$ cat my_file.cif   # mmCIF, C-alpha atoms
data_model
#
loop_
_atom_site.label_atom_id
_atom_site.label_comp_id
_atom_site.auth_asym_id
_atom_site.auth_seq_id
_atom_site.Cartn_x
_atom_site.Cartn_y
_atom_site.Cartn_z
CA MET A 252 0.00 0.00 0.00
CA PHE A 253 1.56 3.27 -1.18
CA ARG A 254 0.62 6.69 0.10
CA ARG A 255 -1.53 8.39 -2.55
CA LYS A 256 -2.72 11.98 -2.72
CA ILE A 257 -6.21 10.93 -3.74
CA TYR A 258 -6.75 9.54 -0.23
CA ASP A 259 -7.02 13.07 1.21
CA ARG A 260 -9.34 14.08 -1.63
CA ILE A 261 -11.63 11.14 -0.83
CA LEU A 262 -11.55 12.04 2.85
CA GLU A 263 -12.58 15.62 2.09
CA TRP A 264 -15.32 14.33 -0.21
CA LYS A 265 -16.62 12.06 2.57
CA ARG A 266 -16.84 15.02 4.92
CA ARG A 267 -18.69 17.21 2.41
CA SER A 268 -20.94 14.51 0.98
CA ASN A 269 -22.14 13.15 4.32
CA GLY A 270 -23.85 10.21 2.62
CA ARG A 271 -25.74 12.20 -0.01
CA TYR A 272 -23.78 10.70 -2.91
CA ALA A 273 -21.84 7.60 -3.86
CA LEU A 274 -18.27 8.05 -5.05
CA MET A 275 -17.08 6.53 -8.33
CA ILE A 276 -13.29 6.36 -8.75
CA GLU A 277 -12.53 6.60 -12.47
CA GLY A 278 -9.21 5.69 -14.04
CA ALA A 279 -7.22 3.28 -16.14
CA ARG A 280 -6.58 -0.32 -15.16
CA ARG A 281 -3.84 -1.09 -12.62
CA ILE A 282 -3.39 2.40 -11.20
CA GLY A 283 -4.50 1.35 -7.71
CA LYS A 284 -8.21 2.26 -7.55
CA SER A 285 -9.32 -0.86 -5.70
CA THR A 286 -6.37 -0.76 -3.33
CA ILE A 287 -6.88 2.85 -2.27
CA ILE A 288 -10.63 2.47 -1.75
CA GLU A 289 -10.29 -0.65 0.38
CA GLU A 290 -7.58 1.02 2.44
CA PHE A 291 -9.80 4.07 2.85
CA VAL A 292 -12.93 2.28 4.05
CA LYS A 293 -10.83 0.07 6.34
CA ASN A 294 -9.39 3.17 8.05
CA GLU A 295 -12.35 5.56 7.99
CA TYR A 296 -15.33 3.33 8.88
CA GLY A 297 -16.26 0.97 11.66
CA SER A 298 -16.90 -1.82 9.14
CA TYR A 299 -17.22 -2.33 5.41
CA VAL A 300 -18.40 -4.81 2.80
CA LEU A 301 -16.31 -5.27 -0.31
CA ILE A 302 -18.21 -6.76 -3.26
CA ARG A 303 -15.81 -7.75 -6.04
CA PHE A 304 -17.69 -8.22 -9.29
CA ASP A 305 -14.59 -9.63 -10.97
CA ARG A 306 -14.98 -12.58 -8.58
CA PRO A 307 -18.77 -12.92 -8.59
CA ASN A 308 -20.60 -14.60 -5.74
CA THR A 309 -23.93 -15.75 -7.12
CA ARG A 310 -25.65 -15.59 -3.74
CA ILE A 311 -24.68 -11.94 -3.34
CA LEU A 312 -25.54 -11.00 -6.92
CA LYS A 313 -29.07 -12.32 -6.40
CA LEU A 314 -29.56 -9.84 -3.57
CA PHE A 315 -29.78 -7.01 -6.11
CA GLU A 316 -33.12 -8.43 -7.21
CA MET A 317 -34.68 -7.17 -3.95
CA MET A 318 -34.11 -3.41 -4.21
CA ASP A 319 -37.76 -2.94 -3.26
CA ASP A 320 -37.03 -4.42 0.19
CA LEU A 321 -33.79 -2.86 1.45
CA ASP A 322 -34.26 -4.13 5.00
CA ARG A 323 -34.06 -7.69 3.72
CA PHE A 324 -31.26 -6.78 1.29
CA PHE A 325 -29.04 -5.49 4.11
CA LEU A 326 -29.98 -8.32 6.45
CA LEU A 327 -28.97 -10.98 3.92
CA LEU A 328 -25.89 -9.03 2.82
CA GLN A 329 -24.60 -9.07 6.39
CA GLN A 330 -25.41 -12.75 6.76
CA ARG A 331 -23.66 -13.73 3.53
CA THR A 332 -20.55 -11.62 4.07
CA GLY A 333 -20.21 -12.07 7.83
CA VAL A 334 -19.90 -8.28 8.29
CA ARG A 335 -22.01 -6.34 10.74
CA LEU A 336 -23.07 -3.01 9.28
CA GLU A 337 -23.51 0.08 11.46
CA GLU A 338 -25.75 2.92 10.32
CA ARG A 339 -23.68 5.94 9.22
CA ASN A 340 -20.48 4.15 10.23
CA SER A 341 -20.18 1.49 7.52
CA ALA A 342 -19.35 1.52 3.82
CA ILE A 343 -20.20 -0.78 0.94
CA VAL A 344 -17.73 -0.99 -1.97
CA PHE A 345 -18.72 -2.08 -5.48
CA ASP A 346 -15.37 -3.07 -7.00
CA GLU A 347 -15.20 -3.45 -10.81
CA VAL A 348 -18.84 -2.38 -10.92
CA GLN A 349 -18.83 -2.30 -14.73
CA LEU A 350 -19.05 -6.08 -14.69
CA PHE A 351 -22.46 -5.92 -13.01
CA PRO A 352 -24.30 -2.76 -14.17
CA VAL A 353 -27.40 -3.64 -12.11
CA ALA A 354 -25.42 -2.76 -8.97
CA ARG A 355 -24.54 0.65 -10.36
CA GLN A 356 -28.18 1.35 -11.14
CA ALA A 357 -29.07 0.33 -7.57
CA ILE A 358 -26.95 3.21 -6.20
CA LYS A 359 -29.90 5.60 -6.48
CA ALA A 360 -32.08 3.58 -4.10
CA LEU A 361 -29.18 2.74 -1.77
CA VAL A 362 -28.04 6.35 -1.38
CA GLU A 363 -31.58 7.60 -0.89
CA ASP A 364 -31.96 5.01 1.89
CA GLY A 365 -29.12 6.78 3.69
CA ARG A 366 -27.93 4.10 6.09
CA TYR A 367 -24.45 3.55 4.66
CA ASP A 368 -21.88 5.13 2.35
CA TYR A 369 -21.08 3.72 -1.10
CA TYR A 370 -17.94 3.61 -3.22
CA GLU A 371 -17.47 2.25 -6.75
CA THR A 372 -14.45 1.48 -8.91
CA GLY A 373 -14.26 0.30 -12.48
CA SER A 374 -12.66 0.42 -15.88
CA LEU A 375 -14.13 3.15 -18.05
CA ILE A 376 -13.91 1.03 -21.17
CA SER A 377 -16.35 -1.47 -19.76
CA ILE A 378 -18.42 1.17 -17.99
CA LYS A 379 -19.08 2.86 -21.33
CA LYS A 380 -20.00 -0.47 -22.89
CA ASN A 381 -22.39 -1.50 -20.13
CA VAL A 382 -24.58 1.52 -19.48
CA SER A 383 -26.93 1.37 -22.47
CA LYS A 384 -29.66 -0.47 -20.58
CA ILE A 385 -29.35 1.15 -17.15
CA LEU A 386 -30.12 4.55 -15.69
CA ILE A 387 -26.89 6.25 -14.54
CA PRO A 388 -27.59 7.46 -10.99
CA SER A 389 -27.46 11.22 -10.45
CA GLU A 390 -26.44 10.43 -6.87
CA GLU A 391 -23.02 9.32 -8.15
CA HIS A 392 -20.05 11.67 -7.84
CA THR A 393 -16.93 10.90 -9.89
CA MET A 394 -13.26 11.42 -9.08
CA GLU A 395 -10.41 10.76 -11.50
CA MET A 396 -7.30 8.81 -10.48
CA TYR A 397 -3.99 8.74 -12.32
CA PRO A 398 -0.66 6.90 -12.06
CA MET A 399 1.66 7.88 -9.21
CA ASP A 400 3.26 11.28 -9.72
CA PHE A 401 6.88 12.07 -8.88
CA GLU A 402 6.10 13.07 -5.30
CA GLU A 403 4.20 9.82 -4.70
CA PHE A 404 7.12 7.92 -6.25
CA LEU A 405 9.46 9.65 -3.79
CA TRP A 406 7.13 8.79 -0.90
CA ALA A 407 7.25 5.14 -1.98
CA ARG A 408 11.02 5.33 -1.66
CA GLY A 409 10.67 6.77 1.86
CA ASP A 410 11.62 10.28 0.72
CA GLU A 411 9.42 13.06 2.11
CA ILE A 412 12.12 15.74 1.98
CA THR A 413 12.95 16.22 -1.68
CA MET A 414 9.61 17.47 -3.02
CA PRO A 415 9.19 20.25 -0.43
CA ILE A 416 12.66 21.50 -1.43
CA ILE A 417 11.65 21.41 -5.10
CA ARG A 418 8.40 23.22 -4.33
CA GLU A 419 10.15 25.99 -2.40
CA SER A 420 12.62 26.49 -5.25
CA PHE A 421 9.76 26.74 -7.74
CA ASP A 422 7.65 29.06 -5.60
CA LYS A 423 10.56 31.44 -5.01
CA ARG A 424 11.88 31.04 -8.56
CA VAL A 425 15.42 30.36 -7.36
CA PRO A 426 17.66 27.50 -8.61
CA LEU A 427 18.76 24.58 -6.47
CA GLU A 428 22.39 23.88 -5.69
CA PRO A 429 23.95 22.20 -8.76
CA ASP A 430 24.79 18.96 -6.93
CA LEU A 431 21.26 18.73 -5.54
CA HIS A 432 19.78 19.39 -8.97
CA ASP A 433 21.91 16.61 -10.47
CA SER A 434 20.89 14.10 -7.80
CA ILE A 435 17.19 14.92 -8.25
CA MET A 436 17.54 14.51 -12.01
CA ASP A 437 18.97 11.04 -11.37
CA LEU A 438 15.87 10.19 -9.33
CA TYR A 439 13.59 11.65 -11.97
CA ARG A 440 15.16 9.60 -14.76
CA GLU A 441 14.46 6.54 -12.65
CA TYR A 442 10.86 7.63 -12.16
CA MET A 443 10.46 8.34 -15.87
CA LEU A 444 11.62 4.85 -16.81
CA VAL A 445 9.80 2.89 -14.09
CA GLY A 446 6.69 5.03 -14.31
CA GLY A 447 3.87 5.49 -11.84
CA MET A 448 2.07 2.16 -12.01
CA PRO A 449 2.00 0.82 -8.42
CA GLN A 450 2.83 -2.74 -9.52
CA ALA A 451 5.96 -1.57 -11.33
CA VAL A 452 7.06 0.64 -8.43
CA SER A 453 6.43 -2.21 -5.99
CA ALA A 454 8.46 -4.62 -8.12
CA LEU A 455 11.36 -2.16 -8.23
CA LEU A 456 11.40 -1.58 -4.47
CA GLU A 457 10.72 -5.14 -3.33
CA LYS A 458 13.20 -6.85 -5.66
CA ASN A 459 15.61 -3.94 -6.20
CA SER A 460 15.44 -4.77 -9.88
CA PHE A 461 14.61 -2.75 -12.97
CA ALA A 462 14.04 -6.03 -14.77
CA ALA A 463 11.28 -6.89 -12.30
CA ALA A 464 9.68 -3.49 -12.89
CA GLU A 465 9.93 -4.06 -16.62
CA ASP A 466 8.15 -7.42 -16.30
CA ALA A 467 5.32 -5.75 -14.37
CA LYS A 468 4.97 -3.03 -17.01
CA ALA A 469 5.03 -5.52 -19.87
CA GLU A 470 2.07 -7.30 -18.28
CA ILE A 471 0.17 -4.00 -18.04
CA VAL A 472 0.95 -3.05 -21.66
CA SER A 473 -0.41 -6.44 -22.72
CA LEU A 474 -3.53 -5.86 -20.62
CA TYR A 475 -4.07 -2.44 -22.22
CA LEU A 476 -3.92 -3.98 -25.68
CA LYS A 477 -6.58 -6.45 -24.61
CA ASP A 478 -8.68 -3.58 -23.29
CA ALA A 479 -8.26 -1.76 -26.60
CA ALA A 480 -9.54 -4.91 -28.30
CA LYS A 481 -12.72 -4.56 -26.22
CA ILE A 482 -13.29 -1.19 -27.85
CA ASP A 483 -12.81 -2.84 -31.22
CA GLY A 484 -15.47 -5.38 -30.31
CA ASP A 485 -18.08 -3.06 -31.80
CA GLY A 486 -16.86 -3.74 -35.33
CA SER A 487 -14.55 -0.73 -35.66
CA GLY A 488 -11.88 -2.76 -37.47
CA ARG A 489 -9.29 -3.01 -34.68
CA LYS A 490 -8.73 0.73 -34.84
CA ALA A 491 -8.20 1.22 -31.10
CA THR A 492 -5.72 -1.65 -30.98
CA SER A 493 -3.86 -0.22 -33.98
CA ILE A 494 -3.72 3.22 -32.34
CA MET A 495 -2.23 1.77 -29.16
CA ARG A 496 0.36 -0.20 -31.12
CA SER A 497 1.35 2.87 -33.15
CA LEU A 498 1.63 5.36 -30.27
CA SER A 499 5.41 5.15 -30.12
CA ALA A 500 5.72 5.53 -33.88
CA ASN A 501 3.56 8.67 -33.83
CA LEU A 502 5.48 10.22 -30.94
CA GLU A 503 8.86 9.45 -32.51
CA ARG A 504 8.02 11.74 -35.42
CA HIS A 505 9.19 15.37 -35.33
CA GLU A 506 5.58 16.28 -36.03
CA LYS A 507 3.98 14.51 -33.07
CA ARG A 508 0.40 15.14 -34.06
CA PHE A 509 -1.60 11.98 -34.67
CA SER A 510 -1.07 10.83 -38.24
CA PRO A 511 -3.57 8.22 -39.46
CA SER A 512 -1.12 7.07 -42.14
CA VAL A 513 1.17 5.79 -39.37
CA VAL A 514 -1.67 3.53 -38.27
CA ARG A 515 -2.98 2.52 -41.68
CA LYS A 516 -2.08 3.72 -45.17
CA ASP A 517 -4.60 5.97 -46.96
CA SER A 518 -6.74 6.43 -43.82
CA ARG A 519 -8.14 9.71 -42.49
CA VAL A 520 -8.25 11.27 -39.03
CA ARG A 521 -12.04 11.14 -39.04
CA ASP A 522 -11.83 7.36 -39.40
CA TYR A 523 -10.32 7.17 -35.91
CA ILE A 524 -12.18 9.85 -33.92
CA ARG A 525 -14.58 7.44 -32.24
CA SER A 526 -11.80 5.05 -31.20
CA VAL A 527 -9.64 7.94 -29.96
CA ASN A 528 -12.52 9.20 -27.82
CA GLU A 529 -13.05 5.74 -26.36
CA LEU A 530 -9.34 5.39 -25.56
CA GLU A 531 -9.33 8.82 -23.94
CA ASP A 532 -12.32 7.85 -21.80
CA SER A 533 -10.50 4.68 -20.76
CA LYS A 534 -7.64 6.83 -19.36
CA MET A 535 -5.08 4.58 -21.07
CA VAL A 536 -4.02 7.59 -23.13
CA ASN A 537 -3.95 11.36 -22.72
CA VAL A 538 -5.15 13.31 -25.75
CA CYS A 539 -3.82 16.82 -26.40
CA TYR A 540 -5.99 18.91 -28.75
CA ARG A 541 -5.00 21.85 -30.91
CA ASN A 542 -6.02 25.19 -29.43
CA THR A 543 -6.96 27.71 -32.11
CA ASP A 544 -6.96 30.88 -30.01
CA PRO A 545 -5.00 31.11 -26.73
CA SER A 546 -7.25 32.57 -24.06
CA ALA A 547 -8.29 31.98 -20.46
CA ASP A 548 -10.97 29.58 -21.72
CA LEU A 549 -8.93 27.10 -23.75
CA MET A 550 -11.90 24.73 -24.09
CA ALA A 551 -13.80 27.34 -26.09
CA HIS A 552 -11.29 27.25 -28.93
CA TYR A 553 -10.02 23.83 -29.95
CA ASP A 554 -9.95 21.60 -33.01
CA GLU A 555 -11.07 18.06 -32.23
CA ASP A 556 -9.65 16.81 -35.55
CA SER A 557 -6.07 17.84 -34.71
CA PHE A 558 -4.51 16.16 -31.70
CA LYS A 559 -1.55 14.36 -30.17
CA ILE A 560 -1.91 11.10 -28.24
CA TYR A 561 0.35 10.31 -25.29
CA TYR A 562 0.61 7.21 -23.14
CA ASN A 563 -0.97 7.72 -19.70
CA ASP A 564 2.31 6.58 -18.12
CA THR A 565 5.78 7.24 -19.53
CA GLY A 566 7.13 4.04 -18.00
CA LEU A 567 4.60 2.09 -20.07
CA LEU A 568 5.59 4.07 -23.17
CA PHE A 569 9.20 3.02 -22.60
CA THR A 570 8.20 -0.63 -22.31
CA ALA A 571 5.96 -0.49 -25.38
CA SER A 572 8.72 1.23 -27.39
CA PHE A 573 11.41 -1.33 -26.66
CA GLU A 574 9.30 -4.47 -26.67
CA GLY A 575 11.55 -7.43 -27.41
CA ASN A 576 14.80 -5.48 -26.98
CA ASP A 577 17.42 -5.59 -24.24
CA SER A 578 15.87 -3.13 -21.79
CA ASP A 579 18.72 -3.51 -19.27
CA GLU A 580 21.21 -1.84 -21.60
CA ILE A 581 18.75 0.92 -22.47
CA TYR A 582 17.98 1.52 -18.78
CA GLU A 583 21.68 1.82 -18.04
CA ARG A 584 22.28 4.35 -20.81
CA ILE A 585 19.36 6.56 -19.85
CA LEU A 586 20.06 6.40 -16.11
CA ASP A 587 23.64 7.46 -16.89
CA GLY A 588 22.25 10.60 -18.48
CA ASP A 589 22.12 9.53 -22.11
CA LEU A 590 18.74 10.85 -23.13
CA ASN A 591 19.53 10.64 -26.82
CA ILE A 592 17.29 7.58 -27.15
CA ASN A 593 14.04 9.12 -28.42
CA LYS A 594 14.59 11.77 -25.76
CA GLY A 595 12.01 14.18 -27.12
CA MET A 596 9.32 11.51 -27.09
CA TYR A 597 9.82 10.54 -23.44
CA PHE A 598 10.35 14.09 -22.25
CA GLU A 599 7.19 15.38 -23.90
CA ASN A 600 5.13 12.38 -22.80
CA MET A 601 6.34 12.92 -19.25
CA ILE A 602 5.25 16.56 -19.29
CA SER A 603 1.83 15.58 -20.64
CA GLN A 604 1.50 13.05 -17.81
CA GLU A 605 2.52 15.57 -15.14
CA LEU A 606 0.11 18.21 -16.46
CA LYS A 607 -2.77 15.74 -16.64
CA CYS A 608 -2.14 14.46 -13.11
CA SER A 609 -2.13 18.09 -11.95
CA GLY A 610 -5.64 18.63 -13.28
CA HIS A 611 -4.97 20.34 -16.63
CA MET A 612 -6.72 19.54 -19.88
CA LEU A 613 -4.11 19.17 -22.59
CA PHE A 614 -3.82 21.61 -25.47
CA PHE A 615 -1.12 22.62 -27.94
CA SER A 616 -0.94 25.54 -30.36
CA LYS A 617 -0.33 25.71 -34.08
CA PHE A 618 -0.09 29.26 -35.38
CA SER A 619 1.26 31.43 -38.19
CA HIS A 620 3.77 34.27 -37.85
CA PRO A 621 5.05 36.79 -40.43
CA ASP A 622 8.67 35.82 -39.72
CA SER A 623 8.16 32.29 -41.06
CA ASP A 624 6.47 30.63 -44.02
CA ARG A 625 5.80 27.53 -41.93
CA GLU A 626 3.28 27.09 -39.14
CA GLN A 627 4.78 27.31 -35.66
CA GLU A 628 3.93 24.97 -32.79
CA ILE A 629 3.87 25.25 -29.00
CA ASP A 630 3.96 21.89 -27.20
CA PHE A 631 1.43 22.74 -24.47
CA ILE A 632 -0.78 25.60 -23.34
CA ILE A 633 -2.19 25.68 -19.83
CA THR A 634 -4.10 28.26 -17.80
CA ARG A 635 -2.54 29.80 -14.68
CA ASP A 636 -3.99 32.73 -12.76
CA GLY A 637 -6.61 33.22 -15.45
CA LYS A 638 -4.13 33.57 -18.32
CA PRO A 639 -2.88 31.20 -21.04
CA CYS A 640 0.69 30.07 -20.46
CA PRO A 641 2.82 28.35 -23.13
CA VAL A 642 4.90 25.36 -22.03
CA GLU A 643 7.74 24.19 -24.31
CA SER A 644 9.52 20.85 -23.94
CA LYS A 645 13.30 20.97 -24.55
CA SER A 646 15.06 17.72 -23.78
CA GLY A 647 18.32 18.57 -25.54
CA ARG A 648 21.21 20.77 -24.53
CA ARG A 649 20.11 23.73 -26.66
CA SER A 650 17.12 24.63 -24.50
CA ARG A 651 17.61 28.36 -25.20
CA GLU A 652 16.78 27.87 -28.88
CA HIS A 653 13.01 28.21 -29.17
CA LYS A 654 11.94 30.27 -32.16
CA SER A 655 8.36 29.02 -31.96
CA LEU A 656 8.03 30.19 -28.36
CA ASP A 657 9.62 33.54 -29.20
CA ARG A 658 7.17 34.07 -32.03
CA PHE A 659 4.25 32.94 -29.90
CA MET A 660 5.21 35.45 -27.21
CA ASP A 661 5.54 38.16 -29.86
CA LYS A 662 2.15 37.43 -31.42
CA TYR A 663 0.14 37.05 -28.20
CA SER A 664 2.13 39.23 -25.78
CA ASP A 665 -0.93 41.20 -24.67
CA ARG A 666 -2.72 38.19 -23.22
CA LEU A 667 -0.11 35.69 -21.95
CA GLY A 668 0.81 34.78 -18.42
CA GLU A 669 4.16 33.27 -17.42
CA CYS A 670 5.99 31.45 -20.23
CA PHE A 671 7.81 28.19 -19.45
CA VAL A 672 10.49 26.01 -20.96
CA VAL A 673 10.78 22.58 -19.33
CA HIS A 674 14.30 21.22 -19.72
CA ARG A 675 16.84 19.09 -17.88
CA GLY A 676 18.80 22.06 -16.61
CA ASN A 677 18.32 24.06 -13.43
CA LEU A 678 15.72 26.76 -12.82
CA SER A 679 16.49 30.17 -14.31
CA LEU A 680 14.73 33.33 -15.50
CA GLU A 681 15.83 34.84 -18.80
CA ASN A 682 14.18 37.29 -21.21
CA GLY A 683 10.69 36.82 -19.81
CA ILE A 684 10.90 33.01 -19.85
CA THR A 685 10.97 30.72 -16.81
CA TYR A 686 13.18 27.69 -17.41
CA ILE A 687 12.30 24.85 -15.06
CA PRO A 688 13.77 21.34 -14.66
CA ILE A 689 11.38 18.56 -15.62
CA TYR A 690 10.99 17.48 -11.99
CA MET A 691 9.07 20.75 -11.45
CA ALA A 692 6.56 20.11 -14.26
CA SER A 693 3.95 18.80 -11.81
CA LEU A 694 3.99 22.19 -10.05
CA LEU A 695 2.60 23.90 -13.12
#
$ encode --input "my_file.cif" --output "structure tokens"
Amino acid sequence: MFRRKIYDRILEWKRRSNGRYALMIEGARRIGKSTIIEEFVKNEYGSYVLIRFDRPNTRILKLFEMMDDLDRFFLLLQQRTGVRLEERNSAIVFDEVQLFPVARQAIKALVEDGRYDYYETGSLISIKKNVSKILIPSEEHTMEMYPMDFEEFLWARGDEITMPIIRESFDKRVPLEPDLHDSIMDLYREYMLVGGMPQAVSALLEKNSFAAAEDAKAEIVSLYLKDAAKIDGDGSGRKATSIMRSLSANLERHEKRFSPSVVRKDSRVRDYIRSVNELEDSKMVNVCYRNTDPSADLMAHYDEDSFKIYYNDTGLLFTASFEGNDSDEIYERILDGDLNINKGMYFENMISQELKCSGHMLFFSKFSHPDSDREQEIDFIITRDGKPCPVESKSGRRSREHKSLDRFMDKYSDRLGECFVVHRGNLSLENGITYIPIYMASLL
């Protein structure tokens, strides 16, 4: 059990909700949804019932046929689980609820009854596929969960000191000591390669082995491909599976926008929109859309036909990229500071992951400027303090060369907030640009 930030968010929700809603934890497979919810109800309630629909108990499933008699429902539930429920001090967890949609529909009656609190977890792929014949309860509040961020990774390693130091440096806009910066970059490279999937982090720490972490990630990548195949079960021609398999190839390109020709020759973007939306809903990928007019309301100006697709976890991207190759040698080279192996791909994917975990929707900009005949591109645009802020990814040594950012700042100078370049160097302020090391990206 790793310490996760979402625990405190759930605790605050419990206090505010006071039994008026059920909580649905949304997120990709294997990010720790079931683990965190069971840990939460174990700590915060006098007793709890955990109903796992991935391991169905026929005698318990039949209880959902008696929603018109909740007294009998609760009586038999206690008898069949051996758990004594206490009014307003017990919780009932529906784990992998997508596998039994009837239970999700029952939330309305259960919450209105008011005796106990309710929590749900499930894979969004299956949830989307299994709601056509049920009424989604309005009494259900949702909360998104993501892979472990860098601070959670440090906590897993027993380090509660480093991130406060990073945060103070960022808040004050002062660089860290060079030796400290270098040591944190070493940790961050490790995090980038292992990723934030709890199983991979656990394998690394328990066995002190990158190979063990790689095995755990390979199993998750395989699982994600099987989940993508579930999307394709509707007759879409294995489009979702093809997108997942081609993610690395798309991100390796200088032009990282999704190119349908990388997936299948002579295809069009519109052929893949439905599958992309399903993958985005599944949380296996993070989709970054083109913003057409940088403003405080980025959602009001975006092109849904122009987008980039990132893996939800950079550690998984690494595993998917080098499938079948000697990962030990590649690990060694990157941990030694050699980021020349597809460095832009991993760096940019990592920033997308950090921004998404921090609550940002992902947007990039493509714009024209009189100083160039070609369209210019900004990797990310976020909103801070009510203003659009460009964020450029620079994994190489020439992080001060950024003509696109310079032209973006020139064109939209009257409306922009702080402008950022995320690189592997230390924090610095130069010519109206804030250069931050990648381990500060989550603080954006």
$ closest_atom_pairs --input "my_file.cif" --of "region 339-406 of chain A" --to "region 453-467 of chain A" --cutoff "12 Å" --atoms "only C-alpha atoms" --output "tab-separated table"
residue	atom	partner	partner_atom	distance
A:Met399	CA	A:Ser453	CA	11.6
A:Phe404	CA	A:Ser453	CA	10.2
A:Leu405	CA	A:Leu456	CA	11.4
A:Trp406	CA	A:Leu456	CA	11.8
$ axis_aligned_box --input "my_file.cif" --around "region 619-637 of chain A" --padding-each-side "4 Å" --output "JSON"
{"center_x": 1.0, "center_y": 29.3, "center_z": -28.4, "size_x": 23.3, "size_y": 22.9, "size_z": 39.3}
$ atom_distance --input "my_file.cif" --atom1 "CA of Ala407 (chain A)" --atom2 "CA of Val536 (chain A)"
24.1 Å
$ residues_around --input "my_file.cif" --residues "Leu274 (chain A)" --least-positions-apart "5" --cutoff "9 Å" --atoms "all atoms listed in the file" --output "list in words"
Ile261, Trp264, Lys265, Asp368, Tyr369, Tyr370, Glu371, Thr372, Glu390, Glu391, His392, Thr393 and Met394 of chain A
$ resolve_selection --input "my_file.cif" --expression "the PyMOL selection byres ((chain A and resi 408-415) around 12)" --output "JSON, numbers by chain"
{"A": [253, 254, 400, 401, 402, 403, 404, 405, 406, 407, 416, 417, 418, 419, 420, 421, 422, 427, 431, 432, 434, 435, 436, 438, 439, 441, 442, 452, 453, 455, 456, 457, 459, 690, 691, 692, 693, 694]}
$ atom_distance --input "my_file.cif" --atom1 "CA of Ser623 (chain A)" --atom2 "CA of Lys638 (chain A)"
25.9 Å
$ resolve_selection --input "my_file.cif" --expression "the PyMOL selection byres ((chain A and resi 290) around 12)" --output "PyMOL selection string"
chain A and resi 252-255+257-258+261-262+283-289+291-296+298-299+301+342+344
$ build_atoms --input "my_file.cif" --residues "region 281-291 of chain A" --atoms "N, CA, C and O atoms" --output "tab-separated table (two decimals), keeping the file's coordinate frame"
chain	number	residue	atom	x	y	z
A	281	ARG	N	-5.09	-0.88	-13.34
A	281	ARG	CA	-3.84	-1.09	-12.62
A	281	ARG	C	-3.19	0.18	-12.07
A	281	ARG	O	-1.97	0.22	-11.90
A	282	ILE	N	-3.98	1.21	-11.81
A	282	ILE	CA	-3.39	2.40	-11.20
A	282	ILE	C	-3.61	2.43	-9.70
A	282	ILE	O	-3.14	3.35	-9.03
A	283	GLY	N	-4.34	1.44	-9.15
A	283	GLY	CA	-4.50	1.35	-7.71
A	283	GLY	C	-5.84	1.78	-7.17
A	283	GLY	O	-5.98	2.05	-5.98
A	284	LYS	N	-6.89	1.81	-8.00
A	284	LYS	CA	-8.21	2.26	-7.55
A	284	LYS	C	-8.76	1.37	-6.44
A	284	LYS	O	-9.19	1.86	-5.39
A	285	SER	N	-8.75	0.07	-6.68
A	285	SER	CA	-9.32	-0.86	-5.70
A	285	SER	C	-8.54	-0.83	-4.40
A	285	SER	O	-9.12	-0.86	-3.31
A	286	THR	N	-7.22	-0.76	-4.52
A	286	THR	CA	-6.37	-0.76	-3.33
A	286	THR	C	-6.64	0.45	-2.45
A	286	THR	O	-6.78	0.34	-1.23
A	287	ILE	N	-6.72	1.63	-3.06
A	287	ILE	CA	-6.88	2.85	-2.27
A	287	ILE	C	-8.26	2.90	-1.62
A	287	ILE	O	-8.40	3.33	-0.47
A	288	ILE	N	-9.29	2.43	-2.32
A	288	ILE	CA	-10.63	2.47	-1.75
A	288	ILE	C	-10.75	1.49	-0.59
A	288	ILE	O	-11.33	1.81	0.46
A	289	GLU	N	-10.21	0.29	-0.74
A	289	GLU	CA	-10.29	-0.65	0.38
A	289	GLU	C	-9.50	-0.14	1.58
A	289	GLU	O	-9.96	-0.27	2.72
A	290	GLU	N	-8.35	0.44	1.34
A	290	GLU	CA	-7.58	1.02	2.44
A	290	GLU	C	-8.35	2.14	3.12
A	290	GLU	O	-8.36	2.27	4.34
A	291	PHE	N	-9.04	2.93	2.31
A	291	PHE	CA	-9.80	4.07	2.85
A	291	PHE	C	-10.94	3.60	3.74
A	291	PHE	O	-11.09	4.07	4.88
